[in-house]
file coords_24.cif (mmCIF, C-alpha atoms and all ligand atoms)
data_run
#
loop_
_atom_site.label_atom_id
_atom_site.label_comp_id
_atom_site.auth_asym_id
_atom_site.auth_seq_id
_atom_site.Cartn_x
_atom_site.Cartn_y
_atom_site.Cartn_z
CA MET A 1 -5.10 97.56 140.05
CA CYS A 2 -1.31 97.49 140.12
CA MET A 3 0.45 94.19 139.55
CA VAL A 4 3.56 94.05 141.68
CA GLU A 5 6.45 92.00 140.36
CA ASN A 6 7.33 89.84 143.29
CA ILE A 7 8.04 86.40 144.63
CA CYS A 8 5.06 84.24 145.51
CA SER A 9 5.34 83.15 149.14
CA ARG A 10 3.79 79.79 148.33
CA CYS A 11 5.42 78.52 145.13
CA GLY A 12 8.45 80.84 145.09
CA LYS A 13 7.97 81.85 141.46
CA VAL A 14 8.83 85.38 140.42
CA GLY A 15 5.96 87.17 138.78
CA PRO A 16 2.92 89.31 139.41
CA LEU A 17 1.04 88.70 142.65
CA ALA A 18 -2.66 87.97 142.51
CA LYS A 19 -3.73 91.30 143.99
CA VAL A 20 -2.73 94.03 146.38
CA GLY A 21 -2.52 92.75 149.93
CA THR A 22 -1.50 89.17 149.16
CA THR A 23 1.91 87.53 148.91
CA ARG A 24 0.70 84.79 146.53
CA CYS A 25 0.36 84.49 142.78
CA ARG A 26 -3.03 83.94 141.12
CA PRO A 27 -2.61 80.17 140.47
CA CYS A 28 -1.62 79.68 144.12
CA LEU A 29 -4.59 81.68 145.42
CA ASN A 30 -6.88 79.63 143.17
CA ALA A 31 -5.30 76.41 144.43
CA ILE A 32 -5.71 77.50 148.05
CA ALA A 33 -9.38 78.31 147.43
CA ARG A 34 -9.87 74.96 145.72
CA GLU A 35 -8.28 73.08 148.63
CA TYR A 36 -10.37 75.03 151.12
CA ARG A 37 -13.56 74.21 149.23
CA ALA A 38 -12.62 70.52 149.12
CA GLU A 39 -11.92 70.46 152.86
CA HIS A 40 -14.92 72.55 153.96
CA PRO A 41 -17.74 71.73 151.53
CA GLU A 42 -20.49 72.38 154.07
CA GLU A 43 -19.18 75.80 155.03
CA CYS A 44 -18.71 76.76 151.38
CA ARG A 45 -22.23 75.71 150.50
CA ARG A 46 -23.57 77.75 153.39
CA TYR A 47 -21.47 80.74 152.39
CA TYR A 48 -22.71 80.51 148.82
CA ARG A 49 -26.32 80.26 150.01
CA VAL A 50 -25.91 83.39 152.16
CA TYR A 51 -24.26 85.18 149.23
CA GLN A 52 -27.23 84.28 147.03
CA HIS A 53 -29.70 85.38 149.71
CA ARG A 54 -27.94 88.74 150.12
CA LEU A 55 -27.80 89.31 146.38
CA ARG A 56 -31.48 88.45 146.07
CA LEU A 57 -32.55 90.55 149.05
CA ARG A 58 -30.72 93.56 147.65
CA ALA A 59 -32.44 93.14 144.29
CA LEU A 60 -35.84 92.68 145.96
CA GLN A 61 -35.33 95.86 147.97
CA ALA A 62 -34.29 97.76 144.84
CA TYR A 63 -37.71 96.93 143.38
CA GLY A 64 -39.76 97.82 146.45
CA GLY A 65 -39.20 94.73 148.61
CA LYS A 66 -42.75 93.44 148.35
CA CYS A 67 -45.26 91.94 145.94
CA SER A 68 -46.54 94.83 143.85
CA CYS A 69 -49.99 93.21 143.85
CA CYS A 70 -50.72 91.92 147.38
CA GLY A 71 -47.85 93.41 149.41
CA GLU A 72 -46.30 90.08 150.48
CA THR A 73 -42.84 90.82 151.95
CA ARG A 74 -41.41 87.41 152.91
CA PRO A 75 -38.56 86.78 150.44
CA GLU A 76 -39.35 83.07 150.12
CA PHE A 77 -42.65 83.97 148.44
CA LEU A 78 -41.27 86.61 146.10
CA SER A 79 -40.01 86.54 142.53
CA PHE A 80 -39.05 88.99 139.81
CA ASP A 81 -41.40 89.71 136.98
CA HIS A 82 -40.54 91.20 133.59
CA ILE A 83 -43.25 93.85 133.25
CA ASN A 84 -43.34 93.54 129.45
CA GLY A 85 -42.94 89.76 129.35
CA GLY A 86 -40.08 87.83 127.77
CA GLY A 87 -38.85 86.62 131.15
CA ARG A 88 -38.08 83.06 130.16
CA ILE A 89 -35.98 84.05 127.16
CA HIS A 90 -34.14 86.69 129.18
CA ARG A 91 -33.38 84.26 132.02
CA ARG A 92 -32.09 81.70 129.54
CA SER A 93 -29.74 84.22 127.91
CA ILE A 94 -28.43 85.25 131.34
CA ARG A 95 -27.78 81.63 132.25
CA LYS A 96 -25.94 81.07 128.99
CA ASN A 97 -23.82 84.22 129.27
CA GLY A 98 -23.53 84.20 133.06
CA VAL A 99 -20.07 84.57 134.51
CA ASP A 100 -20.71 84.60 138.26
CA GLY A 101 -23.60 82.14 138.43
CA GLY A 102 -25.77 84.68 140.20
CA GLY A 103 -28.55 84.51 137.59
CA LEU A 104 -31.06 87.29 137.20
CA GLU A 105 -30.25 88.90 140.56
CA ALA A 106 -26.56 89.32 139.68
CA TRP A 107 -27.46 90.60 136.23
CA LEU A 108 -29.82 93.19 137.74
CA ARG A 109 -27.08 94.40 140.07
CA ARG A 110 -24.58 94.70 137.19
CA GLN A 111 -27.15 96.72 135.22
CA GLY A 112 -27.81 99.02 138.20
CA TYR A 113 -31.35 97.69 138.75
CA PRO A 114 -32.94 98.93 135.52
CA SER A 115 -36.65 99.61 135.12
CA GLY A 116 -38.91 97.08 133.46
CA PHE A 117 -38.99 94.70 136.42
CA ARG A 118 -41.26 94.35 139.42
CA VAL A 119 -41.58 92.08 142.41
CA LEU A 120 -44.50 89.68 142.57
CA CYS A 121 -45.22 86.83 144.98
CA HIS A 122 -45.53 83.40 143.41
CA ASN A 123 -49.30 83.39 143.92
CA CYS A 124 -49.92 86.65 142.09
CA ASN A 125 -47.30 85.85 139.43
CA GLN A 126 -48.85 82.45 138.78
CA ALA A 127 -52.39 83.83 138.57
CA LEU A 128 -51.31 86.59 136.18
CA GLY A 129 -49.38 84.15 134.01
CA GLN A 130 -52.03 81.46 133.92
CA TYR A 131 -55.30 83.45 133.95
CA GLY A 132 -54.23 86.91 132.84
CA TYR A 133 -55.45 88.58 136.02
CA CYS A 134 -54.84 88.38 139.75
CA PRO A 135 -57.96 87.72 141.86
CA HIS A 136 -56.61 90.17 144.48
CA ILE A 137 -57.43 93.00 142.05
CA ALA A 138 -59.86 91.61 139.49
CA GLY A 139 -61.75 89.30 141.84
CA SER A 140 -61.97 85.60 141.08
CA HIS A 141 -63.55 84.84 137.70
CA TYR A 142 -63.42 81.13 138.31
CA LEU A 143 -67.02 80.59 139.38
CA GLN A 144 -68.43 83.23 137.01
CA ASP A 145 -66.76 81.43 134.10
CA ILE A 146 -68.47 78.17 135.10
CA GLU A 147 -71.83 79.91 135.62
CA GLY A 148 -71.49 81.82 132.35
CA TRP A 149 -70.87 78.62 130.45
CA ARG A 150 -73.95 76.96 131.98
CA ASP A 151 -76.15 79.92 131.01
CA LYS A 152 -74.86 79.85 127.48
CA ARG A 153 -75.57 76.13 127.15
CA GLN A 154 -79.11 76.46 128.45
CA HIS A 155 -79.65 79.16 125.90
CA VAL A 156 -78.49 76.92 123.07
CA VAL A 157 -80.66 73.98 124.24
ZN ZN A 201 2.49 80.92 143.60
ZN ZN A 202 -48.82 88.82 145.72
ZN ZN A 203 -52.37 89.47 143.64
#

call {"tool": "encode", "arguments": {"input": "coords_24.cif", "output": "structure tokens"}}
result
Amino acid sequence: MCMVENICSRCGKVGPLAKVGTTRCRPCLNAIAREYRAEHPEECRRYYRVYQHRLRLRALQAYGGKCSCCGETRPEFLSFDHINGGGRIHRRSIRKNGVDGGGLEAWLRRQGYPSGFRVLCHNCNQALGQYGYCPHIAGSHYLQDIEGWRDKRQHVV
């Protein structure tokens, strides 16, 4: 990007303008953005929410757009899963090194949506994490586990 030596139309200082297509310097543009955020907090929050939604939707679509177990497609139910585990550590390192605050979704976009991730709904993700299987595929072991334990005990007694 070319930095044009010029006069800022806001503060009148001579120096590089913030970017092509503006007549203001970087500190002035930042100040304008800051003032706007202070005066329109509701709008800025909404804008940020939509930005996050878009970023997330794009990442979800890049990984198939639905739960890879049950096929759930509503974004509110979906999450990203590290296929080989290590998700919590990875998320923490992204948060620590994050520059744009976009979390995992922004990181995935920067990396060009690498392999090693899949989309799961919270139900399937939770079942896999907690029980090691999803009842959609493996069937529910819950009652068998209880029955199996009772049989074993009878055997011992
Ligand atoms: Zn200026
Ligand atoms: Zn699911
Ligand atoms: Zn499932």

call {"tool": "closest_residue", "arguments": {"input": "coords_24.cif", "among": "A:Ala38, A:Cys69, A:Cys11, A:Ala138", "to": "Arg26 in chain A", "atoms": "all atoms listed in the file"}}
result
A:Cys11

call {"tool": "atom_distance", "arguments": {"input": "coords_24.cif", "atom1": "CA of Pro41 in chain A", "atom2": "CA of Pro75 in chain A"}}
result
25.7 Å

call {"tool": "residues_near_ligand", "arguments": {"input": "coords_24.cif", "ligand": "ligand ZN 201 (chain A)", "cutoff": "6 Å", "atoms": "only C-alpha atoms and all ligand atoms", "output": "ChimeraX atom specification"}}
result
/A:8,10-11,13,24-25,28

call {"tool": "residues_near_ligand", "arguments": {"input": "coords_24.cif", "ligand": "ligand ZN 202 (chain A)", "cutoff": "6 Å", "atoms": "only C-alpha atoms and all ligand atoms", "output": "PyMOL selection string"}}
result
chain A and resi 67+69-72+120-121+123-124

call {"tool": "closest_residue", "arguments": {"input": "coords_24.cif", "among": "A:Gly65, A:Pro27, A:Gly148, A:Gly85", "to": "Gly15 in chain A", "atoms": "only C-alpha atoms"}}
result
A:Pro27

call {"tool": "atom_distance", "arguments": {"input": "coords_24.cif", "atom1": "CA of Gly129 in chain A", "atom2": "CA of Asp145 in chain A"}}
result
17.6 Å

call {"tool": "atom_distance", "arguments": {"input": "coords_24.cif", "atom1": "CA of Leu104 in chain A", "atom2": "CA of Arg118 in chain A"}}
result
12.6 Å

call {"tool": "residues_around", "arguments": {"input": "coords_24.cif", "residues": "Arg56 in chain A", "least_positions_apart": "4", "cutoff": "7 Å", "atoms": "all atoms listed in the file", "output": "ChimeraX atom specification"}}
result
/A:52,60,105

call {"tool": "closest_residue", "arguments": {"input": "coords_24.cif", "among": "A:Pro16, A:Gly112, A:Pro135, A:Gly21", "to": "ligand ZN 203 (chain A)", "atoms": "all atoms listed in the file"}}
result
A:Pro135

call {"tool": "residues_around", "arguments": {"input": "coords_24.cif", "residues": "Leu29 in chain A", "least_positions_apart": "6", "cutoff": "12 Å", "atoms": "all atoms listed in the file", "output": "PyMOL selection string"}}
result
chain A and resi 8-11+17-19+22-23+35-36

call {"tool": "closest_residue", "arguments": {"input": "coords_24.cif", "among": "A:Leu143, A:Gln126, A:Trp149, A:Asn30", "to": "ligand ZN 203 (chain A)", "atoms": "only C-alpha atoms and all ligand atoms"}}
result
A:Gln126

call {"tool": "closest_residue", "arguments": {"input": "coords_24.cif", "among": "A:Ala106, A:Ile94, A:Leu78, A:Ile89", "to": "ligand ZN 203 (chain A)", "atoms": "only C-alpha atoms and all ligand atoms"}}
result
A:Leu78

call {"tool": "residues_near_point", "arguments": {"input": "coords_24.cif", "point": "(-31.5, 98.4, 144.9)", "cutoff": "12 Å", "atoms": "only C-alpha atoms", "output": "number ranges by chain"}}
result
A: 54-65, 105-106, 108-115, 117-118

call {"tool": "closest_residue", "arguments": {"input": "coords_24.cif", "among": "A:His90, A:Cys134, A:Arg95, A:Asp81", "to": "Gly116 in chain A", "atoms": "only C-alpha atoms"}}
result
A:Asp81

call {"tool": "build_atoms", "arguments": {"input": "coords_24.cif", "residues": "range 48-64 of chain A", "atoms": "N, CA and C atoms", "output": "short mmCIF file (atom, residue, chain, number, x, y, z; two decimals), in the frame of the given file"}}
result
data_model
loop_
_atom_site.label_atom_id
_atom_site.label_comp_id
_atom_site.auth_asym_id
_atom_site.auth_seq_id
_atom_site.Cartn_x
_atom_site.Cartn_y
_atom_site.Cartn_z
N TYR A 48 -22.15 80.20 150.13
CA TYR A 48 -22.71 80.51 148.82
C TYR A 48 -24.20 80.81 148.94
N ARG A 49 -24.88 80.04 149.81
CA ARG A 49 -26.32 80.26 150.01
C ARG A 49 -26.56 81.66 150.56
N VAL A 50 -25.75 82.06 151.57
CA VAL A 50 -25.91 83.39 152.16
C VAL A 50 -25.61 84.47 151.13
N TYR A 51 -24.59 84.24 150.29
CA TYR A 51 -24.26 85.18 149.23
C TYR A 51 -25.45 85.35 148.29
N GLN A 52 -26.07 84.23 147.91
CA GLN A 52 -27.23 84.28 147.03
C GLN A 52 -28.40 85.01 147.69
N HIS A 53 -28.61 84.72 148.97
CA HIS A 53 -29.70 85.38 149.71
C HIS A 53 -29.49 86.89 149.74
N ARG A 54 -28.24 87.31 150.04
CA ARG A 54 -27.94 88.74 150.12
C ARG A 54 -28.18 89.42 148.78
N LEU A 55 -27.66 88.78 147.73
CA LEU A 55 -27.80 89.31 146.38
C LEU A 55 -29.28 89.47 146.04
N ARG A 56 -30.08 88.47 146.39
CA ARG A 56 -31.48 88.45 146.07
C ARG A 56 -32.23 89.50 146.88
N LEU A 57 -31.88 89.58 148.19
CA LEU A 57 -32.55 90.55 149.05
C LEU A 57 -32.29 91.97 148.57
N ARG A 58 -31.06 92.22 148.13
CA ARG A 58 -30.72 93.56 147.65
C ARG A 58 -31.54 93.89 146.40
N ALA A 59 -31.66 92.92 145.51
CA ALA A 59 -32.44 93.14 144.29
C ALA A 59 -33.92 93.33 144.64
N LEU A 60 -34.43 92.53 145.57
CA LEU A 60 -35.84 92.68 145.96
C LEU A 60 -36.08 94.08 146.51
N GLN A 61 -35.17 94.53 147.37
CA GLN A 61 -35.33 95.86 147.97
C GLN A 61 -35.27 96.96 146.91
N ALA A 62 -34.41 96.75 145.90
CA ALA A 62 -34.29 97.76 144.84
C ALA A 62 -35.60 97.91 144.08
N TYR A 63 -36.43 96.87 144.09
CA TYR A 63 -37.71 96.93 143.38
C TYR A 63 -38.89 96.99 144.35
N GLY A 64 -38.66 97.56 145.52
CA GLY A 64 -39.76 97.82 146.45
C GLY A 64 -39.90 96.83 147.59
#
